Every structure is written in C-alpha cells, then in structure tokens.
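Dropping target_16.pdb in here (PDB, C-alpha atoms):
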ATOM      1  CA  MET P   1     -19.546 -12.913 146.109
ATOM      2  CA  GLU P   2     -16.090 -11.543 146.782
ATOM      3  CA  ALA P   3     -13.732 -13.649 148.864
ATOM      4  CA  TRP P   4     -12.872 -11.073 151.558
ATOM      5  CA  SER P   5     -14.674  -7.841 152.304
ATOM      6  CA  PRO P   6     -13.475  -6.035 155.426
ATOM      7  CA  ASN P   7     -15.443  -2.828 155.937
ATOM      8  CA  VAL P   8     -12.849  -0.787 157.744
ATOM      9  CA  CYS P   9      -9.336   0.114 156.558
ATOM     10  CA  SER P  10      -6.396  -0.008 158.918
ATOM     11  CA  GLN P  11      -6.016   3.709 159.647
ATOM     12  CA  ASP P  12      -2.440   3.338 160.857
ATOM     13  CA  PHE P  13      -1.539   1.503 157.661
ATOM     14  CA  LEU P  14      -3.139   4.137 155.435
ATOM     15  CA  GLN P  15      -1.641   6.985 157.454
ATOM     16  CA  GLU P  16       1.841   5.489 157.048
ATOM     17  CA  ARG P  17       1.274   5.027 153.301
ATOM     18  CA  SER P  18       0.030   8.588 152.903
ATOM     19  CA  PHE P  19       2.929   9.893 154.978
ATOM     20  CA  LEU P  20       5.484   8.164 152.771
ATOM     21  CA  MET P  21       3.843   9.522 149.627
ATOM     22  CA  TRP P  22       3.926  13.025 151.150
ATOM     23  CA  VAL P  23       7.602  12.639 152.081
ATOM     24  CA  LYS P  24       8.281  11.661 148.451
ATOM     25  CA  SER P  25       6.549  14.854 147.308
ATOM     26  CA  VAL P  26       8.894  16.775 149.605
ATOM     27  CA  LEU P  27      11.879  15.062 148.053
ATOM     28  CA  ASP P  28      10.595  15.881 144.586
ATOM     29  CA  ALA P  29       9.897  19.530 145.445
ATOM     30  CA  SER P  30      12.247  22.213 144.165
ATOM     31  CA  GLY P  31      12.617  25.650 145.715
ATOM     32  CA  CYS P  32      10.073  27.945 147.328
ATOM     33  CA  SER P  33       7.196  27.323 144.923
ATOM     34  CA  MET P  34       6.276  24.066 146.671
ATOM     35  CA  LEU P  35       6.469  25.398 150.228
ATOM     36  CA  ALA P  36       2.820  26.378 150.740
ATOM     37  CA  PRO P  37       1.235  23.125 149.520
ATOM     38  CA  LEU P  38       3.763  21.068 151.492
ATOM     39  CA  GLN P  39       3.113  22.958 154.698
ATOM     40  CA  THR P  40      -0.630  22.684 154.117
ATOM     41  CA  GLY P  41      -0.287  18.969 153.458
ATOM     42  CA  ALA P  42       1.671  18.434 156.669
ATOM     43  CA  ALA P  43      -1.444  19.215 158.701
ATOM     44  CA  ARG P  44      -3.050  15.953 157.538
ATOM     45  CA  PHE P  45      -0.651  13.761 159.489
ATOM     46  CA  SER P  46      -0.358  12.765 163.123
ATOM     47  CA  SER P  47       2.083  14.534 165.419
ATOM     48  CA  TYR P  48       3.965  11.245 165.754
ATOM     49  CA  LEU P  49       4.644  10.963 162.017
ATOM     50  CA  LEU P  50       5.570  14.642 161.701
ATOM     51  CA  SER P  51       7.889  14.386 164.678
ATOM     52  CA  ARG P  52       9.465  11.363 163.059
ATOM     53  CA  ALA P  53       9.900  13.286 159.803
ATOM     54  CA  ARG P  54      11.560  16.202 161.575
ATOM     55  CA  LYS P  55      13.959  13.881 163.369
ATOM     56  CA  VAL P  56      14.896  12.136 160.129
ATOM     57  CA  LEU P  57      15.063  15.118 157.766
ATOM     58  CA  GLY P  58      15.789  17.953 160.145
ATOM     59  CA  SER P  59      14.600  21.529 159.711
ATOM     60  CA  HIS P  60      14.978  21.345 155.898
ATOM     61  CA  LEU P  61      11.537  19.665 155.759
ATOM     62  CA  PHE P  62       9.759  22.855 156.777
ATOM     63  CA  SER P  63      12.279  25.539 155.762
ATOM     64  CA  PRO P  64      11.263  28.150 153.128
ATOM     65  CA  CYS P  65      13.817  27.013 150.576
ATOM     66  CA  GLY P  66      15.756  23.789 150.514
ATOM     67  CA  VAL P  67      19.364  23.528 149.464
ATOM     68  CA  PRO P  68      20.247  21.786 146.168
ATOM     69  CA  GLU P  69      21.652  18.806 148.036
ATOM     70  CA  PHE P  70      18.406  18.370 149.982
ATOM     71  CA  CYS P  71      16.935  15.582 147.865
ATOM     72  CA  SER P  72      19.940  13.247 147.903
ATOM     73  CA  ILE P  73      20.771  13.993 151.544
ATOM     74  CA  SER P  74      17.172  13.394 152.613
ATOM     75  CA  THR P  75      16.940  10.161 150.651
ATOM     76  CA  ARG P  76      20.020   8.847 152.441
ATOM     77  CA  LYS P  77      18.582   9.926 155.792
ATOM     78  CA  LEU P  78      15.264   8.214 155.087
ATOM     79  CA  ALA P  79      17.034   5.012 154.094
ATOM     80  CA  ALA P  80      19.042   5.095 157.318
ATOM     81  CA  HIS P  81      15.862   5.407 159.399
ATOM     82  CA  GLY P  82      13.925   2.486 158.000
ATOM     83  CA  PHE P  83      12.222   4.177 155.046
ATOM     84  CA  GLY P  84      14.573   2.831 152.370
ATOM     85  CA  ALA P  85      12.457   0.002 150.989
ATOM     86  CA  SER P  86       9.233   1.992 150.957
ATOM     87  CA  MET P  87      10.780   5.041 149.321
ATOM     88  CA  ALA P  88      12.543   2.914 146.715
ATOM     89  CA  ALA P  89       9.227   1.319 145.783
ATOM     90  CA  MET P  90       7.738   4.757 145.196
ATOM     91  CA  VAL P  91      10.627   6.058 143.112
ATOM     92  CA  SER P  92      10.904   3.072 140.756
ATOM     93  CA  PHE P  93       8.575   0.325 139.601
ATOM     94  CA  PRO P  94       9.268  -3.222 140.748
ATOM     95  CA  PRO P  95       9.247  -5.866 138.000
ATOM     96  CA  GLN P  96       5.707  -6.974 137.201
ATOM     97  CA  ARG P  97       4.722 -10.484 136.127
ATOM     98  CA  TYR P  98       3.231  -9.287 132.853
ATOM     99  CA  HIS P  99       4.557  -7.367 129.882
ATOM    100  CA  TYR P 100       1.185  -5.692 129.405
ATOM    101  CA  PHE P 101      -2.010  -5.096 131.348
ATOM    102  CA  LEU P 102      -5.188  -4.762 129.259
ATOM    103  CA  VAL P 103      -7.575  -2.528 131.153
ATOM    104  CA  LEU P 104     -11.193  -3.170 130.234
ATOM    105  CA  ASP P 105     -14.527  -1.770 131.427
ATOM    106  CA  PHE P 106     -17.788  -2.544 129.635
ATOM    107  CA  GLU P 107     -20.921  -0.448 129.652
ATOM    108  CA  ALA P 108     -24.127  -2.340 128.928
ATOM    109  CA  THR P 109     -27.845  -1.802 128.350
ATOM    110  CA  CYS P 110     -29.651  -1.383 131.658
ATOM    111  CA  ASP P 111     -32.820  -0.179 133.333
ATOM    112  CA  LYS P 112     -34.716  -0.318 136.613
ATOM    113  CA  PRO P 113     -35.882  -3.028 137.011
ATOM    114  CA  GLN P 114     -32.993  -4.630 135.121
ATOM    115  CA  ILE P 115     -33.565  -5.751 131.529
ATOM    116  CA  HIS P 116     -32.540  -9.202 130.286
ATOM    117  CA  PRO P 117     -30.389  -9.969 128.535
ATOM    118  CA  GLN P 118     -28.043  -7.034 129.035
ATOM    119  CA  GLU P 119     -25.920  -6.181 126.005
ATOM    120  CA  ILE P 120     -22.497  -4.553 125.796
ATOM    121  CA  ILE P 121     -22.712  -1.074 124.257
ATOM    122  CA  GLU P 122     -19.208   0.275 124.990
ATOM    123  CA  PHE P 123     -16.061  -1.819 124.585
ATOM    124  CA  PRO P 124     -12.852   0.004 125.654
ATOM    125  CA  ILE P 125      -9.382  -1.473 126.276
ATOM    126  CA  LEU P 126      -6.217   0.349 127.343
ATOM    127  CA  LYS P 127      -2.876  -1.356 126.740
ATOM    128  CA  LEU P 128      -0.747  -0.581 129.792
ATOM    129  CA  ASN P 129       3.010  -1.224 129.646
ATOM    130  CA  GLY P 130       3.943  -3.452 132.592
ATOM    131  CA  ARG P 131       7.372  -1.845 132.932
ATOM    132  CA  THR P 132       6.402   1.833 132.804
ATOM    133  CA  MET P 133       2.678   1.523 133.677
ATOM    134  CA  GLU P 134       1.970   4.032 130.904
ATOM    135  CA  ILE P 135      -0.814   3.688 128.316
ATOM    136  CA  GLU P 136       0.632   2.619 124.953
ATOM    137  CA  SER P 137      -2.467   1.952 122.878
ATOM    138  CA  THR P 138      -6.258   2.241 123.026
ATOM    139  CA  PHE P 139      -9.088   0.161 121.584
ATOM    140  CA  HIS P 140     -12.488   1.826 121.864
ATOM    141  CA  MET P 141     -15.715   1.008 120.061
ATOM    142  CA  TYR P 142     -19.428   1.377 120.680
ATOM    143  CA  VAL P 143     -21.640  -1.639 120.010
ATOM    144  CA  GLN P 144     -25.101  -1.880 118.484
ATOM    145  CA  PRO P 145     -27.492  -3.742 120.835
ATOM    146  CA  VAL P 146     -29.835  -6.099 119.012
ATOM    147  CA  VAL P 147     -32.248  -7.559 121.595
ATOM    148  CA  HIS P 148     -33.065  -4.173 123.131
ATOM    149  CA  PRO P 149     -31.881  -1.782 120.415
ATOM    150  CA  GLN P 150     -33.430   1.295 122.052
ATOM    151  CA  LEU P 151     -31.459   2.641 125.006
ATOM    152  CA  THR P 152     -33.518   3.478 128.082
ATOM    153  CA  PRO P 153     -33.410   6.949 129.670
ATOM    154  CA  PHE P 154     -31.908   5.315 132.777
ATOM    155  CA  CYS P 155     -29.082   3.814 130.693
ATOM    156  CA  THR P 156     -28.289   7.130 129.006
ATOM    157  CA  GLU P 157     -28.324   9.009 132.311
ATOM    158  CA  LEU P 158     -26.041   6.432 133.961
ATOM    159  CA  THR P 159     -23.503   5.943 131.160
ATOM    160  CA  GLY P 160     -23.729   9.152 129.141
ATOM    161  CA  ILE P 161     -24.240   7.040 126.014
ATOM    162  CA  ILE P 162     -27.010   8.356 123.763
ATOM    163  CA  GLN P 163     -28.897   6.486 121.052
ATOM    164  CA  ALA P 164     -26.914   8.072 118.209
ATOM    165  CA  MET P 165     -23.675   6.678 119.648
ATOM    166  CA  VAL P 166     -24.810   3.057 119.193
ATOM    167  CA  ASP P 167     -27.085   3.271 116.137
ATOM    168  CA  GLY P 168     -25.325   1.839 113.083
ATOM    169  CA  GLN P 169     -22.325   0.619 115.127
ATOM    170  CA  PRO P 170     -20.881  -2.890 114.653
ATOM    171  CA  SER P 171     -22.479  -5.888 116.349
ATOM    172  CA  LEU P 172     -20.717  -7.599 119.259
ATOM    173  CA  GLN P 173     -19.478 -10.325 116.915
ATOM    174  CA  GLN P 174     -17.900  -7.714 114.642
ATOM    175  CA  VAL P 175     -16.362  -5.840 117.581
ATOM    176  CA  LEU P 176     -14.850  -9.066 118.946
ATOM    177  CA  GLU P 177     -13.275  -9.653 115.536
ATOM    178  CA  ARG P 178     -11.832  -6.097 115.660
ATOM    179  CA  VAL P 179     -10.492  -6.775 119.156
ATOM    180  CA  ASP P 180      -8.683  -9.855 117.889
ATOM    181  CA  GLU P 181      -7.207  -7.862 115.009
ATOM    182  CA  TRP P 182      -6.059  -5.160 117.442
ATOM    183  CA  MET P 183      -4.548  -7.759 119.778
ATOM    184  CA  ALA P 184      -2.578  -9.227 116.863
ATOM    185  CA  LYS P 185      -1.453  -5.800 115.634
ATOM    186  CA  GLU P 186      -0.221  -4.882 119.135
ATOM    187  CA  GLY P 187       1.784  -8.122 119.421
ATOM    188  CA  LEU P 188      -0.402  -9.377 122.255
ATOM    189  CA  LEU P 189      -1.051 -12.770 120.630
ATOM    190  CA  ASP P 190       2.668 -13.588 120.578
ATOM    191  CA  PRO P 191       3.120 -16.556 122.977
ATOM    192  CA  ASN P 192       6.285 -14.907 124.308
ATOM    193  CA  VAL P 193       4.341 -11.807 125.389
ATOM    194  CA  LYS P 194       2.571 -12.107 128.748
ATOM    195  CA  SER P 195      -0.549 -10.004 129.090
ATOM    196  CA  ILE P 196      -3.685 -10.099 131.210
ATOM    197  CA  PHE P 197      -6.947  -8.189 131.378
ATOM    198  CA  VAL P 198      -7.742  -5.961 134.348
ATOM    199  CA  THR P 199     -11.292  -5.063 135.370
ATOM    200  CA  CYS P 200     -12.961  -3.287 138.285
ATOM    201  CA  GLY P 201     -14.746  -6.354 139.631
ATOM    202  CA  ASP P 202     -15.453  -9.762 138.106
ATOM    203  CA  TRP P 203     -18.689  -8.838 136.310
ATOM    204  CA  ASP P 204     -17.194  -7.818 132.945
ATOM    205  CA  LEU P 205     -15.422 -11.093 132.122
ATOM    206  CA  LYS P 206     -17.118 -13.558 134.466
ATOM    207  CA  VAL P 207     -20.737 -12.562 133.778
ATOM    208  CA  MET P 208     -21.291  -9.975 131.032
ATOM    209  CA  LEU P 209     -19.139 -11.130 128.117
ATOM    210  CA  PRO P 210     -19.582 -14.910 128.507
ATOM    211  CA  GLY P 211     -23.306 -14.445 129.156
ATOM    212  CA  GLN P 212     -23.898 -12.393 126.026
ATOM    213  CA  CYS P 213     -21.689 -14.661 123.929
ATOM    214  CA  GLN P 214     -23.633 -17.682 125.133
ATOM    215  CA  TYR P 215     -26.918 -15.964 124.266
ATOM    216  CA  LEU P 216     -25.646 -15.124 120.756
ATOM    217  CA  GLY P 217     -23.866 -18.431 120.203
ATOM    218  CA  LEU P 218     -20.420 -16.813 119.969
ATOM    219  CA  PRO P 219     -17.133 -18.305 121.217
ATOM    220  CA  VAL P 220     -15.167 -16.524 123.964
ATOM    221  CA  ALA P 221     -11.470 -16.121 123.171
ATOM    222  CA  ASP P 222      -9.108 -17.692 125.691
ATOM    223  CA  TYR P 223      -7.464 -14.350 126.482
ATOM    224  CA  PHE P 224     -10.762 -13.192 128.033
ATOM    225  CA  LYS P 225     -10.745 -16.108 130.493
ATOM    226  CA  GLN P 226      -8.155 -14.823 132.966
ATOM    227  CA  TRP P 227      -8.033 -11.412 134.559
ATOM    228  CA  ILE P 228      -7.114  -9.270 137.553
ATOM    229  CA  ASN P 229      -9.977  -7.886 139.630
ATOM    230  CA  LEU P 230      -8.664  -4.454 140.654
ATOM    231  CA  LYS P 231     -10.885  -4.420 143.744
ATOM    232  CA  LYS P 232      -9.148  -7.527 145.049
ATOM    233  CA  ALA P 233      -5.694  -6.194 144.121
ATOM    234  CA  TYR P 234      -6.451  -2.925 145.911
ATOM    235  CA  SER P 235      -7.668  -4.754 149.028
ATOM    236  CA  PHE P 236      -4.468  -6.831 149.120
ATOM    237  CA  ALA P 237      -2.332  -3.702 148.728
ATOM    238  CA  MET P 238      -4.213  -1.321 151.021
ATOM    239  CA  GLY P 239      -5.799  -3.570 153.618
ATOM    240  CA  CYS P 240      -9.416  -2.570 152.975
ATOM    241  CA  TRP P 241     -12.208  -3.435 150.570
ATOM    242  CA  PRO P 242     -13.295  -0.634 148.158
ATOM    243  CA  LYS P 243     -17.038  -0.987 148.656
ATOM    244  CA  ASN P 244     -17.780   1.841 146.215
ATOM    245  CA  GLY P 245     -15.299   0.687 143.594
ATOM    246  CA  LEU P 246     -13.299   3.324 141.755
ATOM    247  CA  LEU P 247     -14.570   6.158 143.944
ATOM    248  CA  ASP P 248     -13.222   4.490 147.099
ATOM    249  CA  MET P 249      -9.937   3.508 145.446
ATOM    250  CA  ASN P 250      -9.297   7.017 144.162
ATOM    251  CA  LYS P 251     -10.149   8.442 147.577
ATOM    252  CA  GLY P 252      -7.927   5.935 149.374
ATOM    253  CA  LEU P 253      -4.986   6.838 147.133
ATOM    254  CA  SER P 254      -5.714  10.595 147.131
ATOM    255  CA  LEU P 255      -6.294  10.565 143.370
ATOM    256  CA  GLN P 256      -8.593  12.834 141.378
ATOM    257  CA  HIS P 257     -11.365  10.985 139.553
ATOM    258  CA  ILE P 258     -10.871  11.185 135.785
ATOM    259  CA  GLY P 259     -13.858  12.000 133.577
ATOM    260  CA  ARG P 260     -17.390  10.755 134.101
ATOM    261  CA  PRO P 261     -18.333   7.782 136.336
ATOM    262  CA  HIS P 262     -19.772   4.887 134.300
ATOM    263  CA  SER P 263     -18.137   6.019 131.088
ATOM    264  CA  GLY P 264     -16.298   2.886 129.979
ATOM    265  CA  ILE P 265     -13.253   4.677 128.570
ATOM    266  CA  ASP P 266     -13.032   7.062 131.552
ATOM    267  CA  ASP P 267     -13.343   4.168 133.991
ATOM    268  CA  CYS P 268     -10.451   2.478 132.170
ATOM    269  CA  LYS P 269      -8.333   5.611 132.639
ATOM    270  CA  ASN P 270      -9.102   5.600 136.359
ATOM    271  CA  ILE P 271      -8.216   1.920 136.630
ATOM    272  CA  ALA P 272      -4.904   2.563 134.854
ATOM    273  CA  ASN P 273      -4.137   5.486 137.170
ATOM    274  CA  ILE P 274      -4.880   3.419 140.271
ATOM    275  CA  MET P 275      -2.693   0.591 138.979
ATOM    276  CA  LYS P 276       0.196   2.951 138.319
ATOM    277  CA  THR P 277      -0.085   4.395 141.814
ATOM    278  CA  LEU P 278      -0.133   0.958 143.436
ATOM    279  CA  ALA P 279       2.842  -0.109 141.312
ATOM    280  CA  TYR P 280       4.742   2.988 142.500
ATOM    281  CA  ARG P 281       4.173   1.711 146.017
ATOM    282  CA  GLY P 282       5.745  -1.633 145.192
ATOM    283  CA  PHE P 283       2.619  -3.721 144.569
ATOM    284  CA  ILE P 284       2.981  -6.722 142.229
ATOM    285  CA  PHE P 285      -0.213  -7.528 140.313
ATOM    286  CA  LYS P 286      -1.308 -11.164 140.096
ATOM    287  CA  GLN P 287      -4.196 -12.960 138.427
ATOM    288  CA  THR P 288      -7.229 -13.096 140.697
ATOM    289  CA  SER P 289      -9.687 -15.031 138.516
ATOM    290  CA  LYS P 290     -10.043 -18.775 138.885
ATOM    291  CA  PRO P 291      -9.543 -21.000 135.814
ATOM    292  CA  PHE P 292     -12.698 -21.582 133.769
TER     293      PHE P 292
END
Turn this file's structure into structure tokens for me.
Amino acid sequence: MEAWSPNVCSQDFLQERSFLMWVKSVLDASGCSMLAPLQTGAARFSSYLLSRARKVLGSHLFSPCGVPEFCSISTRKLAAHGFGASMAAMVSFPPQRYHYFLVLDFEATCDKPQIHPQEIIEFPILKLNGRTMEIESTFHMYVQPVVHPQLTPFCTELTGIIQAMVDGQPSLQQVLERVDEWMAKEGLLDPNVKSIFVTCGDWDLKVMLPGQCQYLGLPVADYFKQWINLKKAYSFAMGCWPKNGLLDMNKGLSLQHIGRPHSGIDDCKNIANIMKTLAYRGFIFKQTSKPF
C-alpha cells in the first residue's frame, strides 16, 4: 500500500504550474508563427493569472509579433514580479543527487484470473543522464518464460508481446547476466558513479524481480534493491496521487503519451519524459524505497 494517496490535486497549484510553463513557451516563441497556439493556449487559464501576465509582460504577450529583445526583457520582468525562481527552474536543471537514473519497467506473464508465478518477459532499462535528463543508452531484451511458456491471449492483448517474441529468448538468469555486463560497460558499477533505478510503482523491484528470483533460486544484485517510485516522486512534486499511473502523470504535465501502454520499452520512455519535465520544474529526485 502506498504511503499517501490524496484523490484530488490542488487546482490552484496545478494552474500556477501550468501557467508558468505556458509563460516559458511565450518566452521561447519567436515571431508570428507561434502567435495562434499561444493565443489559443491563453484561454486555458484563469482571468486572474492572465491579468497578472499582462501586468508583468505588458502588451507584448498578446501582440502579433514580439520584438527581438522580448525574451530577455520579459525574463527580467518576470524575475522582478516573483517568478524568478520558478522560471529559472524551468530553464535549467537543478543538480540531481545521482549521476544516472536507470528507468526500468517489466512486462510479465499474466491472465485473468492471475497466473502464478508470474514471469518477466520484457526487460528494458534506459540510462538517463542526471545532468541533462537525456537518454544515453538502452538495454532491452525479451525473456523466455519457463513455468508458463505459452503466453495467454490476455497477456498478448495487454502487452503487445506475441509468442514469437519470447520463444528462443534467453532465460531470466541469462538476461540478468547480460544486465550486469551492460552495467559494467556503461560504467555504472564504478563506486564513484551514483545511479539508481526508477520504476512506475514498487511492483517491479519490490515484488516481481525478487519473487521470481526466489522461485528460481537466483540472487538479486544489490543495485536492484534501491529505487525511486515515480508515482511517489510525482505526488511530492505535483501535490496529487496519479491513480492511473503514467496516464495521469502525462495528463497532469500536459505530455503526449509515447507509444503503446503496457509496452515495457514505451513505458520507460514515458517515465523518462515525465522525469525530465519534473526536473525542468526544479524537482530533485530522491530514493523512495526502504532498505531491504
């Protein structure tokens, strides 16, 4: 059970966040080509926030074409009216506590009613640079299930993974060995390099991996024993709990969903995108898991 699960977001908080992101888009806009979308976007916000924007930025905010000095002038005006810290957080990343974030999202055998034991069938990891929040490297393998080797129709419909994608693939033990080799190759086993896994929930590394490893008699590497639950990080940053996971987080941040839901690699890309957006807003990611 998650520690804190408020059902309703603070609308004023989210409105202010969205407003600041929109103001940044105005500052980044160049010339007339951005006028229509900016004017359309303005309709989303309360009259109070728009009035505040007009007072701070003047008529330039809604004029057909800004002057070349608009961006720097507007930035100075925003800073002078209490927006400085928020805008700075959106323009540059604050220092994170980790050199790298390792975004992970398993897909596993499943059915209705649920089968036991579940087995990992997709094992993706994205290496996210903690300074730039850009993806630097990808590990992605499919895994051959052994207890229930035949995927159910429900599993294929949910994940998009068909039987041919797992038949003849390495076992979980072999994939874990490949992960360790990849970690070493990427410099992630260097004791001077700080990295941590990031998942959408606690299930992947608290339940799924240790449970299957216990069933198979396999050790769990120490680097899998601490992680950041993105749902908790999002709730700390945004003031609401994302009940529907990635869908709610993308919606709350006005982000387009990438790829197919319940595709492990696509879910990783969405997690990385959400993390980058939160980092732009000044959020510092911290470990959420408790020590084993």
Hits from the PyMOL selection byres ((chain P and resi 193) around 12), listed as a PyMOL selection string: chain P and resi 97-101+129-130+183-184+186-192+194-196
For the residues in the current selection, export C-alpha atoms as a PDB file, keeping the file's coordinate frame.
ATOM      1  CA  ARG P  97       4.722 -10.484 136.127  1.00  0.00           C
ATOM      2  CA  TYR P  98       3.231  -9.287 132.853  1.00  0.00           C
ATOM      3  CA  HIS P  99       4.557  -7.367 129.882  1.00  0.00           C
ATOM      4  CA  TYR P 100       1.185  -5.692 129.405  1.00  0.00           C
ATOM      5  CA  PHE P 101      -2.010  -5.096 131.348  1.00  0.00           C
ATOM      6  CA  ASN P 129       3.010  -1.224 129.646  1.00  0.00           C
ATOM      7  CA  GLY P 130       3.943  -3.452 132.592  1.00  0.00           C
ATOM      8  CA  MET P 183      -4.548  -7.759 119.778  1.00  0.00           C
ATOM      9  CA  ALA P 184      -2.578  -9.227 116.863  1.00  0.00           C
ATOM     10  CA  GLU P 186      -0.221  -4.882 119.135  1.00  0.00           C
ATOM     11  CA  GLY P 187       1.784  -8.122 119.421  1.00  0.00           C
ATOM     12  CA  LEU P 188      -0.402  -9.377 122.255  1.00  0.00           C
ATOM     13  CA  LEU P 189      -1.051 -12.770 120.630  1.00  0.00           C
ATOM     14  CA  ASP P 190       2.668 -13.588 120.578  1.00  0.00           C
ATOM     15  CA  PRO P 191       3.120 -16.556 122.977  1.00  0.00           C
ATOM     16  CA  ASN P 192       6.285 -14.907 124.308  1.00  0.00           C
ATOM     17  CA  LYS P 194       2.571 -12.107 128.748  1.00  0.00           C
ATOM     18  CA  SER P 195      -0.549 -10.004 129.090  1.00  0.00           C
ATOM     19  CA  ILE P 196      -3.685 -10.099 131.210  1.00  0.00           C
TER      20      ILE P 196
END
Gap from CA of Pro95 (chain P) to CA of Gln256 (chain P) - Å, one decimal: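 Those two atoms sit 26.1 Å apart.
Remark: for Phe224 (chain P), the closest of the candidate residues P:Ser254, P:Asn270, P:Ser289, P:Gln163 is P:Ser289 (distances computed over all atoms listed in the file).
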Best match for closeness to Phe123 (chain P) among P:Pro242, P:Pro170, P:Pro219, P:Pro210, counting all atoms listed in the file: P:Pro170
Proximity to Phe283 (chain P) - best of P:Tyr215, P:Trp203, P:Phe197, P:Phe93, all atoms listed in the file: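 Of all the options, P:Phe93 lies closest to Phe283 (chain P).
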One-decimal distance in Å that lies between CA of Leu255 (chain P) and CA of Met238 (chain P): 14.3 Å
Interatomic distance, CA of Thr156 (chain P) to CA of Asn250 (chain P) (Å, one decimal): 24.3 Å
Answer key for the PyMOL selection byres ((chain P and resi 172) around 8), residues as a list of chain:residue names: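 Here the PyMOL selection byres ((chain P and resi 172) around 8) matches P:Ile120, P:Val143, P:Gln144, P:Pro145, P:Pro170, P:Ser171, P:Gln173, P:Gln174, P:Val175, P:Leu176.
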Taking the file as I've supplied it (selection: the PyMOL selection byres ((chain P and resi 108) around 6)), which residues are included? Please answer as a tab-separated table (two decimals) with C-alpha atoms, in the frame of the given file.
chain	number	residue	atom	x	y	z
P	107	GLU	CA	-20.92	-0.45	129.65
P	109	THR	CA	-27.84	-1.80	128.35
P	119	GLU	CA	-25.92	-6.18	126.00
P	120	ILE	CA	-22.50	-4.55	125.80
P	121	ILE	CA	-22.71	-1.07	124.26
Nearby residues (only C-alpha atoms) at most 8 Å from Ile271 (chain P), same-chain spacing under 2 positions excluded, as JSON, numbers by chain: {"P": [103, 199, 200, 230, 246, 267, 268, 269, 273, 274, 275]}
Contacts of Ile161 (chain P) at 9 Å (all atoms listed in the file; same-chain gap of 2+ positions) as a list in words: Glu107, Ile121, Glu122, Leu151, Cys155, Thr156, Glu157, Leu158, Thr159, Gln163, Ala164, Met165, Val166 and Ser263 of chain P
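The smallest atom-to-atom distance between Lys206 (chain P) and any of P:Phe154, P:Phe285, P:Trp227, P:Phe236, using all atoms listed in the file, is found for P:Trp227.
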Within 9 Å of file point (-10.1, -16.4, 137.5), counting all atoms listed in the file, expressed as a ChimeraX atom specification: /P:202,206,225-229,287-292
Pick from P:Asp167, P:Asp105, P:Asp248, P:Glu181 nearest to Tyr234 (chain P), counting only C-alpha atoms: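 Answer, going by the shortest atom-to-atom distance: P:Asp248.
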Would you mind writing region 222-235 of chain P with N, CA, C and O atoms, as a PDB file, keeping the file's coordinate frame?
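That gives us rebuild.pdb:
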ATOM      1  N   ASP P 222      -9.780 -17.276 124.467  1.00  0.00           N
ATOM      2  CA  ASP P 222      -9.108 -17.692 125.691  1.00  0.00           C
ATOM      3  C   ASP P 222      -8.525 -16.518 126.469  1.00  0.00           C
ATOM      4  O   ASP P 222      -8.457 -16.557 127.701  1.00  0.00           O
ATOM      5  N   TYR P 223      -8.093 -15.452 125.755  1.00  0.00           N
ATOM      6  CA  TYR P 223      -7.464 -14.350 126.482  1.00  0.00           C
ATOM      7  C   TYR P 223      -8.449 -13.588 127.359  1.00  0.00           C
ATOM      8  O   TYR P 223      -8.049 -12.796 128.210  1.00  0.00           O
ATOM      9  N   PHE P 224      -9.765 -13.813 127.171  1.00  0.00           N
ATOM     10  CA  PHE P 224     -10.762 -13.192 128.033  1.00  0.00           C
ATOM     11  C   PHE P 224     -11.062 -14.030 129.279  1.00  0.00           C
ATOM     12  O   PHE P 224     -11.910 -13.652 130.087  1.00  0.00           O
ATOM     13  N   LYS P 225     -10.387 -15.162 129.433  1.00  0.00           N
ATOM     14  CA  LYS P 225     -10.745 -16.108 130.493  1.00  0.00           C
ATOM     15  C   LYS P 225      -9.857 -16.030 131.727  1.00  0.00           C
ATOM     16  O   LYS P 225      -9.974 -16.839 132.643  1.00  0.00           O
ATOM     17  N   GLN P 226      -8.931 -15.076 131.756  1.00  0.00           N
ATOM     18  CA  GLN P 226      -8.155 -14.823 132.966  1.00  0.00           C
ATOM     19  C   GLN P 226      -7.979 -13.322 133.121  1.00  0.00           C
ATOM     20  O   GLN P 226      -7.790 -12.615 132.137  1.00  0.00           O
ATOM     21  N   TRP P 227      -8.071 -12.853 134.341  1.00  0.00           N
ATOM     22  CA  TRP P 227      -8.033 -11.412 134.559  1.00  0.00           C
ATOM     23  C   TRP P 227      -7.626 -11.093 135.990  1.00  0.00           C
ATOM     24  O   TRP P 227      -7.538 -11.972 136.857  1.00  0.00           O
ATOM     25  N   ILE P 228      -7.383  -9.807 136.217  1.00  0.00           N
ATOM     26  CA  ILE P 228      -7.114  -9.270 137.553  1.00  0.00           C
ATOM     27  C   ILE P 228      -8.300  -8.405 137.939  1.00  0.00           C
ATOM     28  O   ILE P 228      -8.665  -7.484 137.209  1.00  0.00           O
ATOM     29  N   ASN P 229      -8.913  -8.717 139.064  1.00  0.00           N
ATOM     30  CA  ASN P 229      -9.977  -7.886 139.630  1.00  0.00           C
ATOM     31  C   ASN P 229      -9.287  -6.790 140.443  1.00  0.00           C
ATOM     32  O   ASN P 229      -8.698  -7.062 141.494  1.00  0.00           O
ATOM     33  N   LEU P 230      -9.364  -5.547 139.990  1.00  0.00           N
ATOM     34  CA  LEU P 230      -8.664  -4.454 140.654  1.00  0.00           C
ATOM     35  C   LEU P 230      -9.138  -4.263 142.097  1.00  0.00           C
ATOM     36  O   LEU P 230      -8.358  -3.857 142.963  1.00  0.00           O
ATOM     37  N   LYS P 231     -10.398  -4.542 142.374  1.00  0.00           N
ATOM     38  CA  LYS P 231     -10.885  -4.420 143.744  1.00  0.00           C
ATOM     39  C   LYS P 231     -10.120  -5.353 144.681  1.00  0.00           C
ATOM     40  O   LYS P 231      -9.750  -4.965 145.795  1.00  0.00           O
ATOM     41  N   LYS P 232      -9.893  -6.571 144.224  1.00  0.00           N
ATOM     42  CA  LYS P 232      -9.148  -7.527 145.049  1.00  0.00           C
ATOM     43  C   LYS P 232      -7.691  -7.096 145.181  1.00  0.00           C
ATOM     44  O   LYS P 232      -7.101  -7.168 146.269  1.00  0.00           O
ATOM     45  N   ALA P 233      -7.086  -6.653 144.069  1.00  0.00           N
ATOM     46  CA  ALA P 233      -5.694  -6.194 144.121  1.00  0.00           C
ATOM     47  C   ALA P 233      -5.557  -5.026 145.093  1.00  0.00           C
ATOM     48  O   ALA P 233      -4.618  -4.990 145.907  1.00  0.00           O
ATOM     49  N   TYR P 234      -6.476  -4.085 145.025  1.00  0.00           N
ATOM     50  CA  TYR P 234      -6.451  -2.925 145.911  1.00  0.00           C
ATOM     51  C   TYR P 234      -6.573  -3.365 147.374  1.00  0.00           C
ATOM     52  O   TYR P 234      -5.870  -2.856 148.258  1.00  0.00           O
ATOM     53  N   SER P 235      -7.470  -4.311 147.642  1.00  0.00           N
ATOM     54  CA  SER P 235      -7.668  -4.754 149.028  1.00  0.00           C
ATOM     55  C   SER P 235      -6.419  -5.447 149.560  1.00  0.00           C
ATOM     56  O   SER P 235      -6.070  -5.296 150.737  1.00  0.00           O
TER      57      SER P 235
END
